[in-house]
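Source file: coords_27.cif. Holds: mmCIF, C-alpha atoms.
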```cif
data_model
#
loop_
_atom_site.label_atom_id
_atom_site.label_comp_id
_atom_site.auth_asym_id
_atom_site.auth_seq_id
_atom_site.Cartn_x
_atom_site.Cartn_y
_atom_site.Cartn_z
CA MET U 1 -19.73 1.89 -2.83
CA ALA U 2 -21.19 -0.93 -4.87
CA SER U 3 -20.37 -3.94 -2.77
CA THR U 4 -21.85 -6.86 -4.68
CA SER U 5 -19.89 -6.41 -7.87
CA SER U 6 -16.62 -5.52 -6.19
CA ASN U 7 -16.88 -8.54 -3.87
CA GLN U 8 -16.46 -10.87 -6.79
CA GLU U 9 -13.69 -8.75 -8.25
CA THR U 10 -11.47 -8.89 -5.21
CA SER U 11 -12.30 -12.47 -4.26
CA ILE U 12 -13.57 -11.44 -0.84
CA GLN U 13 -16.78 -13.19 0.11
CA ILE U 14 -18.46 -11.53 3.04
CA VAL U 15 -21.96 -12.94 2.76
CA THR U 16 -21.93 -16.71 2.49
CA SER U 17 -24.10 -19.48 3.83
CA ASP U 18 -21.07 -21.41 5.13
CA THR U 19 -19.87 -21.10 8.68
CA LEU U 20 -16.41 -19.67 8.42
CA PRO U 21 -13.99 -20.54 11.21
CA ILE U 22 -11.25 -18.10 12.19
CA LYS U 23 -8.06 -19.24 10.56
CA GLY U 24 -5.04 -20.22 12.63
CA LYS U 25 -1.80 -18.29 12.50
CA THR U 26 0.83 -19.25 9.96
CA MET U 27 3.85 -17.63 11.60
CA LYS U 28 5.49 -17.56 14.99
CA LEU U 29 5.29 -13.79 15.35
CA GLU U 30 2.43 -12.12 17.21
CA ASP U 31 0.23 -9.40 15.71
CA ASP U 32 1.84 -6.61 17.70
CA GLN U 33 5.40 -7.60 16.84
CA LEU U 34 4.93 -6.72 13.19
CA THR U 35 5.80 -3.31 11.80
CA VAL U 36 3.67 -2.10 8.92
CA GLN U 37 5.65 -0.15 6.36
CA VAL U 38 3.50 2.51 4.82
CA GLU U 39 3.71 3.71 1.25
CA ASN U 40 4.07 7.46 1.10
CA PRO U 41 1.65 9.48 -1.02
CA VAL U 42 3.23 11.95 -3.44
CA ASP U 43 2.40 15.62 -3.98
CA PHE U 44 3.41 16.15 -7.61
CA ILE U 45 2.39 19.81 -7.77
CA SER U 46 4.81 20.66 -4.99
CA LEU U 47 7.59 18.58 -6.59
CA THR U 48 7.09 20.19 -10.01
CA HIS U 49 7.13 23.63 -8.41
CA HIS U 50 10.58 22.83 -6.99
CA ASP U 51 11.98 21.86 -10.42
CA CYS U 52 11.57 18.15 -10.09
CA ASN U 53 9.14 17.11 -12.80
CA LEU U 54 8.48 13.39 -12.86
CA THR U 55 5.21 13.42 -14.77
CA THR U 56 6.74 12.27 -18.07
CA TYR U 57 8.23 9.18 -16.43
CA LEU U 58 5.13 8.27 -14.48
CA LYS U 59 2.59 9.03 -17.20
CA TYR U 60 4.40 6.64 -19.51
CA GLN U 61 4.17 3.88 -16.89
CA ASP U 62 0.41 4.50 -16.45
CA LEU U 63 0.69 4.76 -12.69
CA ASN U 64 -1.93 7.41 -11.97
CA GLY U 65 -4.37 4.87 -10.54
CA TYR U 66 -1.80 3.41 -8.18
CA LEU U 67 -0.48 6.78 -7.01
CA ASN U 68 -4.04 7.98 -6.40
CA ILE U 69 -4.89 5.14 -4.08
CA LEU U 70 -1.87 6.00 -1.95
CA ASN U 71 -3.84 9.04 -0.73
CA GLY U 72 -5.76 7.10 1.84
CA PRO U 73 -5.83 5.68 5.33
CA ILE U 74 -4.00 2.52 6.39
CA TYR U 75 -5.72 0.15 8.80
CA GLU U 76 -2.60 -1.21 10.48
CA ASN U 77 -4.27 -3.67 12.82
CA LEU U 78 -6.42 -5.10 10.03
CA VAL U 79 -3.32 -5.58 7.87
CA ARG U 80 -1.44 -7.23 10.75
CA TYR U 81 -4.38 -9.52 11.49
CA PHE U 82 -4.44 -10.59 7.84
CA GLU U 83 -0.69 -11.01 7.50
CA VAL U 84 -0.15 -13.38 10.45
CA ARG U 85 -2.82 -15.69 9.02
CA ALA U 86 -1.78 -15.44 5.37
CA GLU U 87 -0.88 -18.57 3.48
CA ILE U 88 0.94 -18.86 0.15
CA TYR U 89 -0.68 -21.06 -2.44
CA ASP U 90 1.72 -22.04 -5.20
CA GLN U 91 -0.30 -23.35 -8.12
CA TYR U 92 2.76 -24.70 -9.92
CA ALA U 93 4.00 -26.63 -6.87
CA ALA U 94 0.52 -28.03 -6.22
CA ARG U 95 0.24 -29.26 -9.79
CA LEU U 96 3.71 -30.82 -9.61
CA GLU U 97 2.78 -32.67 -6.43
CA GLU U 98 -0.45 -33.91 -8.00
CA HIS U 99 1.48 -35.12 -11.02
CA GLU U 100 3.95 -37.03 -8.82
CA LYS U 101 1.14 -38.68 -6.85
CA VAL U 102 -0.44 -39.91 -10.08
CA LEU U 103 2.91 -41.32 -11.23
CA ILE U 104 3.27 -43.31 -7.99
CA ASP U 105 -0.28 -44.63 -8.07
CA PRO U 106 -2.15 -44.23 -11.37
CA SER U 107 -5.49 -44.86 -9.65
CA PHE U 108 -5.30 -41.28 -8.25
CA GLY U 109 -5.56 -39.91 -11.79
CA GLY U 110 -8.52 -37.61 -12.36
CA LYS U 111 -9.34 -37.35 -8.64
CA THR U 112 -9.25 -34.04 -6.86
CA MET J 1 -16.38 -15.40 11.98
CA GLY J 2 -13.54 -15.22 9.53
CA ILE J 3 -13.64 -13.76 6.05
CA PRO J 4 -11.58 -15.52 3.37
CA VAL J 5 -9.46 -13.10 1.33
CA THR J 6 -7.62 -14.20 -1.79
CA ILE J 7 -4.99 -11.93 -3.28
CA THR J 8 -3.63 -12.69 -6.72
CA GLU J 9 -1.77 -10.71 -9.34
CA LYS J 10 -5.09 -9.84 -10.97
CA VAL J 11 -6.52 -8.48 -7.72
CA ILE J 12 -3.50 -6.22 -7.31
CA ALA J 13 -3.77 -5.09 -10.92
CA ARG J 14 -7.41 -4.17 -10.37
CA ALA J 15 -6.58 -2.30 -7.17
CA CYS J 16 -3.86 -0.38 -9.03
CA ARG J 17 -6.30 0.25 -11.92
CA ARG J 18 -3.68 -0.91 -14.37
CA GLU J 19 -3.12 -3.97 -16.51
CA ALA J 20 -0.55 -6.54 -15.46
CA LYS J 21 1.54 -6.15 -18.59
CA GLY J 22 5.09 -5.05 -19.19
CA SER J 23 8.66 -6.05 -18.48
CA ILE J 24 9.83 -7.86 -15.39
CA GLU J 25 13.15 -9.49 -14.55
CA GLU J 26 13.13 -12.16 -11.88
CA ASN J 27 15.67 -14.36 -10.13
CA LEU J 28 18.65 -12.32 -11.22
CA ASN J 29 22.11 -13.61 -10.53
CA ASN J 30 24.51 -10.89 -9.49
CA LEU J 31 27.54 -12.51 -11.08
CA THR J 32 26.33 -13.74 -14.43
CA CYS J 33 23.66 -11.38 -15.68
CA PRO J 34 24.57 -8.32 -17.76
CA TRP J 35 22.17 -5.93 -16.05
CA LYS J 36 24.78 -4.28 -13.85
CA ALA J 37 26.60 -2.80 -16.84
CA ILE J 38 23.32 -1.74 -18.48
CA PHE J 39 22.24 0.02 -15.30
CA ASN J 40 25.56 1.84 -15.02
CA LYS J 41 25.15 2.98 -18.60
CA SER J 42 21.66 4.40 -18.15
CA GLN J 43 22.33 5.99 -14.75
CA PHE J 44 25.94 7.05 -14.65
CA ASN J 45 26.78 7.49 -18.35
CA GLY J 46 28.75 4.26 -18.48
CA LYS J 47 30.89 4.92 -15.42
CA LYS J 48 31.81 1.64 -13.84
CA LYS J 49 31.63 2.71 -10.24
CA GLY J 50 28.92 5.34 -10.36
CA LYS J 51 27.88 6.96 -7.12
CA TYR J 52 24.55 8.26 -5.91
CA CYS J 53 25.76 11.85 -6.21
CA ASP J 54 26.41 11.35 -9.94
CA MET J 55 22.75 10.72 -10.61
CA GLN J 56 20.36 13.29 -12.04
CA LYS J 57 17.94 15.03 -9.73
CA GLU J 58 14.91 13.36 -11.30
CA HIS J 59 16.53 9.95 -11.13
CA LYS J 60 17.31 10.45 -7.46
CA MET J 61 13.68 11.27 -6.85
CA LEU J 62 12.53 8.27 -8.87
CA GLN J 63 14.76 6.11 -6.70
CA LYS J 64 13.18 7.63 -3.61
CA LEU J 65 9.70 6.94 -5.00
CA MET J 66 10.67 3.38 -5.82
CA GLN J 67 11.90 2.76 -2.30
CA GLU J 68 8.91 4.42 -0.67
CA CYS J 69 5.99 3.49 -2.93
CA PHE J 70 6.65 0.82 -5.51
CA LEU J 71 9.15 -1.65 -4.10
CA PRO J 72 9.69 -0.70 -0.47
CA LYS J 73 12.16 -2.75 1.49
CA GLY J 74 12.37 -3.24 5.19
CA GLY J 75 15.33 -1.46 6.68
CA GLY J 76 17.67 1.19 5.36
CA VAL J 77 17.73 2.83 1.97
CA ASP J 78 21.43 2.60 1.23
CA GLN J 79 22.56 0.08 -1.37
CA LEU J 80 20.20 -0.94 -4.16
CA SER J 81 19.69 -4.59 -4.93
CA LEU J 82 20.01 -5.71 -8.53
CA GLU J 83 16.23 -6.11 -8.87
CA HIS J 84 15.73 -2.54 -7.73
CA LYS J 85 18.37 -1.35 -10.18
CA VAL J 86 16.65 -3.08 -13.10
CA PHE J 87 13.30 -1.64 -12.03
CA LEU J 88 14.81 1.84 -12.01
CA HIS J 89 16.43 1.22 -15.38
CA PHE J 90 13.01 0.44 -16.90
CA PHE J 91 11.65 3.70 -15.49
CA VAL J 92 14.49 5.84 -16.78
CA THR J 93 14.57 4.29 -20.24
CA PHE J 94 10.78 4.49 -20.71
CA GLU J 95 10.15 0.78 -20.79
CA LYS J 96 6.80 -0.25 -19.33
CA VAL J 97 7.15 -2.30 -16.13
CA ASN J 98 4.76 -4.95 -14.92
CA LEU J 99 4.11 -3.27 -11.59
CA PRO J 100 1.33 -5.60 -10.32
CA ARG J 101 3.57 -8.62 -10.80
CA TYR J 102 6.52 -6.86 -9.16
CA ILE J 103 4.31 -5.98 -6.18
CA PHE J 104 2.90 -9.50 -5.95
CA HIS J 105 6.36 -11.06 -5.94
CA HIS J 106 7.61 -8.56 -3.41
CA MET J 107 4.62 -9.27 -1.16
CA LEU J 108 5.26 -13.01 -1.30
CA TRP J 109 8.95 -12.51 -0.60
CA VAL J 110 8.17 -10.52 2.55
CA LEU J 111 5.58 -13.04 3.71
CA LYS J 112 8.09 -15.87 3.28
CA GLU J 113 10.72 -13.87 5.19
CA SER J 114 8.31 -13.42 8.12
CA GLN J 115 7.12 -17.01 8.10
CA GLU J 116 10.53 -18.63 7.79
CA LYS J 117 12.98 -16.13 9.25
CA ASN J 118 10.74 -14.25 11.69
CA LYS J 119 11.36 -10.91 9.97
CA SER J 120 8.93 -8.51 11.56
CA PHE J 121 7.87 -6.17 8.80
CA ILE J 122 4.92 -6.00 6.43
CA LEU J 123 5.00 -4.03 3.20
CA TYR J 124 2.17 -2.48 1.18
CA GLY J 125 -0.01 -1.47 4.12
CA ARG J 126 -1.95 0.95 1.99
CA LEU J 127 -2.47 -1.41 -0.94
CA LEU J 128 -3.78 -4.13 1.37
CA SER J 129 -6.08 -1.62 3.07
CA GLU J 130 -7.40 -0.58 -0.34
CA ILE J 131 -8.03 -4.22 -1.30
CA PHE J 132 -9.96 -4.72 1.96
CA HIS J 133 -11.92 -1.55 1.29
CA GLN J 134 -12.79 -2.57 -2.27
CA GLY J 135 -13.88 -5.99 -1.06
CA GLY J 136 -16.36 -4.44 1.32
CA ILE J 137 -14.72 -5.40 4.61
CA LEU J 138 -14.60 -1.77 5.74
CA ALA J 139 -18.28 -1.36 4.85
CA ALA J 140 -19.10 -4.44 6.93
CA ILE J 141 -17.10 -3.07 9.88
CA LYS J 142 -18.87 0.26 9.52
CA LEU J 143 -22.26 -1.47 9.56
CA SER J 144 -21.44 -3.41 12.70
CA LYS J 145 -20.63 -0.12 14.52
CA THR J 146 -18.53 -1.98 17.08
CA ILE J 147 -15.02 -1.13 15.91
CA ASN J 148 -13.60 2.37 15.65
CA ASP J 149 -10.49 3.83 14.05
CA ASP J 150 -8.45 3.50 17.24
CA GLN J 151 -8.99 -0.23 17.30
CA LEU J 152 -8.20 -0.55 13.61
CA GLY J 153 -4.97 1.39 14.14
CA THR J 154 -5.76 3.81 11.33
CA VAL J 155 -2.75 5.87 10.20
CA CYS J 156 -1.70 7.70 7.06
CA GLY J 157 1.54 8.07 5.16
CA LYS J 158 3.70 11.18 5.02
CA TYR J 159 3.58 13.18 1.81
CA ILE J 160 6.61 13.30 -0.47
CA ASN J 161 6.81 16.96 -1.49
CA GLY J 162 9.09 19.99 -1.51
CA SER J 163 10.21 19.40 2.08
CA THR J 164 11.41 15.94 1.08
CA LEU J 165 13.57 17.55 -1.61
CA LYS J 166 15.06 19.82 1.01
CA LYS J 167 15.79 16.90 3.31
CA MET J 168 17.54 15.17 0.42
CA LEU J 169 19.66 18.33 0.05
CA MET J 170 18.46 18.98 -3.50
CA ILE J 171 16.98 22.43 -2.86
CA LYS J 172 17.71 25.03 -0.23
CA LYS J 173 14.38 26.71 0.29
CA VAL J 174 10.87 25.31 0.29
CA THR J 175 7.99 27.49 -0.87
CA LYS J 176 4.60 26.66 0.49
CA LEU J 177 1.78 26.55 -2.04
CA ASP J 178 -1.97 26.85 -1.59
CA THR J 179 -2.38 23.58 -3.42
CA ASP J 180 -0.09 21.66 -1.04
CA LEU J 181 -1.66 18.41 0.06
CA LYS J 182 -1.76 17.77 3.77
CA GLU J 183 -1.97 14.56 5.73
CA SER J 184 -5.02 15.91 7.55
CA MET J 185 -7.00 15.75 4.29
CA ILE J 186 -6.94 11.96 4.38
CA LEU J 187 -10.16 10.62 5.89
CA SER J 188 -10.97 7.21 7.22
CA ASN J 189 -13.50 5.12 5.33
CA LEU J 190 -15.37 4.60 8.58
CA MET J 191 -16.53 8.21 8.77
CA ASP J 192 -18.07 9.14 5.43
CA ASP J 193 -21.15 10.92 6.74
CA PHE J 194 -20.00 12.13 10.10
CA PRO J 195 -21.78 15.39 11.02
CA PRO J 196 -19.20 18.17 11.45
CA ILE J 197 -20.86 19.41 14.64
CA SER J 198 -20.75 18.27 18.26
CA LYS J 199 -22.67 18.88 21.47
CA GLU J 200 -19.87 21.25 22.51
CA ASP J 201 -20.96 23.71 19.81
CA PRO J 202 -23.39 26.49 20.84
CA PRO J 203 -27.08 25.60 20.31
CA GLU J 204 -27.48 28.25 17.57
CA VAL J 205 -24.72 26.66 15.49
CA ARG J 206 -26.22 23.20 15.93
CA ALA J 207 -29.70 24.45 15.01
CA ALA J 208 -28.38 26.24 11.91
CA TYR J 209 -26.50 23.16 10.73
CA VAL J 210 -29.47 20.83 11.30
CA TYR J 211 -31.74 23.26 9.44
CA GLU J 212 -29.34 23.54 6.49
CA HIS J 213 -28.96 19.77 6.38
CA TRP J 214 -32.76 19.41 6.39
CA LYS J 215 -33.11 21.94 3.59
CA THR J 216 -30.71 20.09 1.30
CA THR J 217 -31.43 16.45 2.11
CA ARG J 218 -34.86 16.53 3.86
CA GLU J 219 -33.33 14.50 6.67
CA ILE J 220 -33.48 15.54 10.29
CA ILE J 221 -30.40 14.93 12.44
CA LYS J 222 -31.65 13.74 15.80
CA TYR J 223 -30.11 15.05 19.01
CA ASN J 224 -28.81 11.57 19.89
CA ALA J 225 -26.98 11.31 16.58
CA ILE J 226 -24.82 14.36 17.34
CA PRO J 227 -21.52 13.24 18.86
CA ASN J 228 -20.49 14.55 22.28
CA THR J 229 -17.13 15.82 21.12
CA MET J 230 -15.61 16.51 17.75
CA TYR J 231 -14.35 13.44 15.89
CA GLY J 232 -10.95 12.47 17.35
CA ALA J 233 -8.86 14.98 15.42
CA PHE J 234 -7.04 13.67 12.36
CA ILE J 235 -5.54 10.34 11.46
CA PRO J 236 -2.04 10.13 12.93
CA ILE J 237 0.93 9.86 10.58
CA ALA J 238 2.61 6.47 10.51
CA SER J 239 5.97 6.41 12.21
CA LYS J 240 8.87 4.49 10.77
CA LYS J 241 10.18 3.49 14.16
CA LYS J 242 10.05 -0.14 15.07
CA ARG J 243 7.32 -1.04 17.52
CA LYS J 244 8.47 -2.24 20.89
CA SER J 245 7.75 -5.90 20.99
CA LYS J 246 6.15 -7.26 24.12
CA LYS J 247 7.92 -10.09 25.82
CA THR J 248 5.97 -13.29 25.50
CA THR J 249 5.88 -15.80 28.28
CA SER J 250 6.51 -19.12 26.64
#
```

Would you mind writing the structure in this file as C-alpha cells?
Amino acid sequence: MASTSSNQETSIQIVTSDTLPIKGKTMKLEDDQLTVQVENPVDFISLTHHDCNLTTYLKYQDLNGYLNILNGPIYENLVRYFEVRAEIYDQYAARLEEHEKVLIDPSFGGKT
Amino acid sequence: MGIPVTITEKVIARACRREAKGSIEENLNNLTCPWKAIFNKSQFNGKKKGKYCDMQKEHKMLQKLMQECFLPKGGGVDQLSLEHKVFLHFFVTFEKVNLPRYIFHHMLWVLKESQEKNKSFILYGRLLSEIFHQGGILAAIKLSKTINDDQLGTVCGKYINGSTLKKMLMIKKVTKLDTDLKESMILSNLMDDFPPISKEDPPEVRAAYVYEHWKTTREIIKYNAIPNTMYGAFIPIASKKKRKSKKTTS
C-alpha cells in the first residue's frame, strides 16, 4: 500500500529524524489484563437469504466502507499495547486552562 | 523506539470511508429529555412499556448489529442505554447518524473508564487495527521480520449470518449457501505474498509451483524461501471470554 500519503492522513509518523522514547503507561492495568472486544463482520447475503434484509437501512447510512473494514484481522496485542499508553487530549480544556493562566498573569499572553 | 499515533474524529472518519456528518445526541439525561417517548413510538408503536419481543425482526437485527459493530459495550447485551436507544431510533427512522463522532466518543468513554475505574475492556479492536494498518505500522513490522502473528495476537471476529438468526430464535432452519463468508477467508496483513507451498509437499508439486510462478512473474523462488511447514493454519476466532488476569506481585 502507498505508505507516504497515508502516513500523513492517519497522523502516524514512522520515519522521523527525532529519537522517539517509548511512552509510559497511563493506567494501572497491565497489557494482559485487558480484554479486546472485537467487532463482528456481517454476512449480508446470508442474512437476506433468511428474510432479514437490512440493506435499505444501512445503504441510507452510507456504512459500506465501515462494514467492509470489519472483514479483517485484529492485532490484539498491538491494540493492548496502544491502549495502556493512550492519553486523552482535550483541546477545549487546554484552551480554558491557557485562558485562565493569562487572566492570572497577563505577561503569559501570546506565549505557548 | 516508540511511534506516536494520534487518533481524532477525522482519522476515524477516514478509516470508515465516510464523512463525519449527521445527527448525534450527547449527554442525555434520562429524566428530563423526551427521547424515551420518541423511541417507544418508533419501536413499539407508542406502547409505553415495550418489550424486546414486540420489536420487528429487522429492528432486532439492527439492535444486534449496533451492539456488536457500531456501539459495542463491555458486558451483557440486556438493557439498552438511552444513547443506544437514540442511535437505534436514527437508524429506524432513516436519519443519518454521525457514526465517526459516536465511535470517537465511545472510544474516549472506554479509555476513561479503564484509566479511572480500572475497567478491563477495550472496544473497537478492528477499527484500531485498521488505523494502524493504514498508517503503515503493519508494513514496518512486516519489513522488520522479527514479529509474527502469534506475538501480535492476531484474531478475527465471528460472522453475523444465518446461524446468528437461529441463535436469536428468529428462524428455525439455516440453509448453507455457496456464497457464505467464512472466518478462514480473513488473512493477516503480515502474509500478503506467502507461497502456498511448503517443504512437506512432494518435490514435483514444489517444482511445478516454482515453474508456474516463474512463468507469470519471472521471479525464482529460492529453496530457502520455502517455509518448512504450511503457514500456521488460519487466524483463530476471538473469544468473548474474559482473559484470566495474572496476579501481580506488588

The PyMOL selection byres ((chain U) within 7 of (chain J)) applied to the shown file, residues as a VMD selection string:
chain U and resid 3 6 to 7 10 to 14 20 to 23 26 to 27 29 32 to 43 46 to 47 50 52 54 57 60 to 61 65 to 66 70 to 79

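Between atom CA of J:Phe104 and atom CA of U:Glu97 the separation is 23.2 Å.
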
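Using only C-alpha atoms, the smallest distance between any of J:Ser144, J:Glu113, J:Cys53, J:Trp35 and J:Leu169 comes from J:Cys53.
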
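A straight line drawn from atom CA of J:Glu219 to atom CA of J:Thr146 is 24.5 Å long.
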
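Between atom CA of U:Glu87 and atom CA of U:Val15 the interatomic distance comes to 21.8 Å.
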
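Among J:Met107, J:Asp201, J:Gln56, J:Ile226, the residue with the shortest atom-to-atom distance to U:Asn53, counting all atoms listed in the file, is J:Gln56.
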
Pull out every residue that the PyMOL selection byres ((chain J and resi 42) around 10) matches in the shown coordinates and put them as a CSV table (one decimal) with C-alpha atoms, in the coordinates of the input.
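The resulting file, out.csv, is reproduced below:
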```
chain,number,residue,atom,x,y,z
J,37,ALA,CA,26.6,-2.8,-16.8
J,38,ILE,CA,23.3,-1.7,-18.5
J,39,PHE,CA,22.2,0.0,-15.3
J,40,ASN,CA,25.6,1.8,-15.0
J,41,LYS,CA,25.2,3.0,-18.6
J,43,GLN,CA,22.3,6.0,-14.8
J,44,PHE,CA,25.9,7.0,-14.6
J,45,ASN,CA,26.8,7.5,-18.4
J,46,GLY,CA,28.8,4.3,-18.5
J,47,LYS,CA,30.9,4.9,-15.4
J,55,MET,CA,22.8,10.7,-10.6
J,88,LEU,CA,14.8,1.8,-12.0
J,89,HIS,CA,16.4,1.2,-15.4
J,90,PHE,CA,13.0,0.4,-16.9
J,92,VAL,CA,14.5,5.8,-16.8
J,93,THR,CA,14.6,4.3,-20.2
```

Quick one: of U:Leu103, U:Thr55, U:Ala93, U:Lys25, who's nearest to U:Leu67, counting only C-alpha atoms?
U:Thr55

Would you fill the gaps in stretch 131-140 of chain J so it has all heavy atoms, then print it as an mmCIF file, in the coordinates of the input?
```
data_model
loop_
_atom_site.group_PDB
_atom_site.id
_atom_site.type_symbol
_atom_site.label_atom_id
_atom_site.label_comp_id
_atom_site.auth_asym_id
_atom_site.auth_seq_id
_atom_site.Cartn_x
_atom_site.Cartn_y
_atom_site.Cartn_z
ATOM 1 N N ILE J 131 -7.403 -2.962 -0.865
ATOM 2 C CA ILE J 131 -8.030 -4.220 -1.300
ATOM 3 C C ILE J 131 -9.153 -4.599 -0.329
ATOM 4 O O ILE J 131 -10.235 -5.002 -0.745
ATOM 5 C CB ILE J 131 -6.965 -5.338 -1.408
ATOM 6 C CG1 ILE J 131 -6.046 -5.052 -2.591
ATOM 7 C CG2 ILE J 131 -7.623 -6.702 -1.596
ATOM 8 C CD1 ILE J 131 -4.833 -5.936 -2.672
ATOM 9 N N PHE J 132 -8.908 -4.426 0.970
ATOM 10 C CA PHE J 132 -9.960 -4.720 1.960
ATOM 11 C C PHE J 132 -11.149 -3.790 1.757
ATOM 12 O O PHE J 132 -12.294 -4.204 1.860
ATOM 13 C CB PHE J 132 -9.436 -4.544 3.388
ATOM 14 C CG PHE J 132 -8.336 -5.488 3.763
ATOM 15 C CD1 PHE J 132 -7.393 -5.135 4.719
ATOM 16 C CD2 PHE J 132 -8.233 -6.727 3.153
ATOM 17 C CE1 PHE J 132 -6.375 -6.000 5.053
ATOM 18 C CE2 PHE J 132 -7.211 -7.594 3.480
ATOM 19 C CZ PHE J 132 -6.278 -7.230 4.436
ATOM 20 N N HIS J 133 -10.849 -2.540 1.479
ATOM 21 C CA HIS J 133 -11.920 -1.550 1.290
ATOM 22 C C HIS J 133 -12.754 -1.897 0.071
ATOM 23 O O HIS J 133 -13.976 -1.881 0.108
ATOM 24 C CB HIS J 133 -11.311 -0.158 1.162
ATOM 25 C CG HIS J 133 -12.293 0.896 0.772
ATOM 26 N ND1 HIS J 133 -13.372 1.199 1.566
ATOM 27 C CD2 HIS J 133 -12.380 1.681 -0.308
ATOM 28 C CE1 HIS J 133 -14.078 2.145 0.973
ATOM 29 N NE2 HIS J 133 -13.498 2.451 -0.173
ATOM 30 N N GLN J 134 -12.069 -2.235 -1.036
ATOM 31 C CA GLN J 134 -12.790 -2.570 -2.270
ATOM 32 C C GLN J 134 -13.613 -3.837 -2.106
ATOM 33 O O GLN J 134 -14.660 -3.985 -2.716
ATOM 34 C CB GLN J 134 -11.796 -2.760 -3.420
ATOM 35 C CG GLN J 134 -11.234 -1.458 -3.921
ATOM 36 C CD GLN J 134 -10.332 -1.652 -5.131
ATOM 37 O OE1 GLN J 134 -10.209 -2.741 -5.660
ATOM 38 N NE2 GLN J 134 -9.688 -0.579 -5.553
ATOM 39 N N GLY J 135 -13.138 -4.752 -1.277
ATOM 40 C CA GLY J 135 -13.880 -5.990 -1.060
ATOM 41 C C GLY J 135 -15.051 -5.845 -0.126
ATOM 42 O O GLY J 135 -15.795 -6.782 0.079
ATOM 43 N N GLY J 136 -15.200 -4.685 0.476
ATOM 44 C CA GLY J 136 -16.360 -4.440 1.320
ATOM 45 C C GLY J 136 -16.172 -4.768 2.783
ATOM 46 O O GLY J 136 -17.124 -4.744 3.555
ATOM 47 N N ILE J 137 -14.934 -5.084 3.192
ATOM 48 C CA ILE J 137 -14.720 -5.400 4.610
ATOM 49 C C ILE J 137 -14.934 -4.162 5.474
ATOM 50 O O ILE J 137 -15.546 -4.225 6.530
ATOM 51 C CB ILE J 137 -13.290 -5.963 4.827
ATOM 52 C CG1 ILE J 137 -13.183 -7.331 4.166
ATOM 53 C CG2 ILE J 137 -12.959 -6.078 6.304
ATOM 54 C CD1 ILE J 137 -11.870 -8.022 4.349
ATOM 55 N N LEU J 138 -14.448 -3.012 4.968
ATOM 56 C CA LEU J 138 -14.600 -1.770 5.740
ATOM 57 C C LEU J 138 -16.077 -1.413 5.882
ATOM 58 O O LEU J 138 -16.515 -0.963 6.940
ATOM 59 C CB LEU J 138 -13.847 -0.632 5.056
ATOM 60 C CG LEU J 138 -12.445 -0.338 5.552
ATOM 61 C CD1 LEU J 138 -12.475 0.030 7.006
ATOM 62 C CD2 LEU J 138 -11.495 -1.489 5.358
ATOM 63 N N ALA J 139 -16.849 -1.666 4.796
ATOM 64 C CA ALA J 139 -18.280 -1.360 4.850
ATOM 65 C C ALA J 139 -18.960 -2.245 5.894
ATOM 66 O O ALA J 139 -19.841 -1.791 6.639
ATOM 67 C CB ALA J 139 -18.902 -1.569 3.480
ATOM 68 N N ALA J 140 -18.523 -3.524 5.963
ATOM 69 C CA ALA J 140 -19.100 -4.440 6.930
ATOM 70 C C ALA J 140 -18.767 -4.009 8.359
ATOM 71 O O ALA J 140 -19.611 -4.053 9.255
ATOM 72 C CB ALA J 140 -18.580 -5.860 6.681
#
```
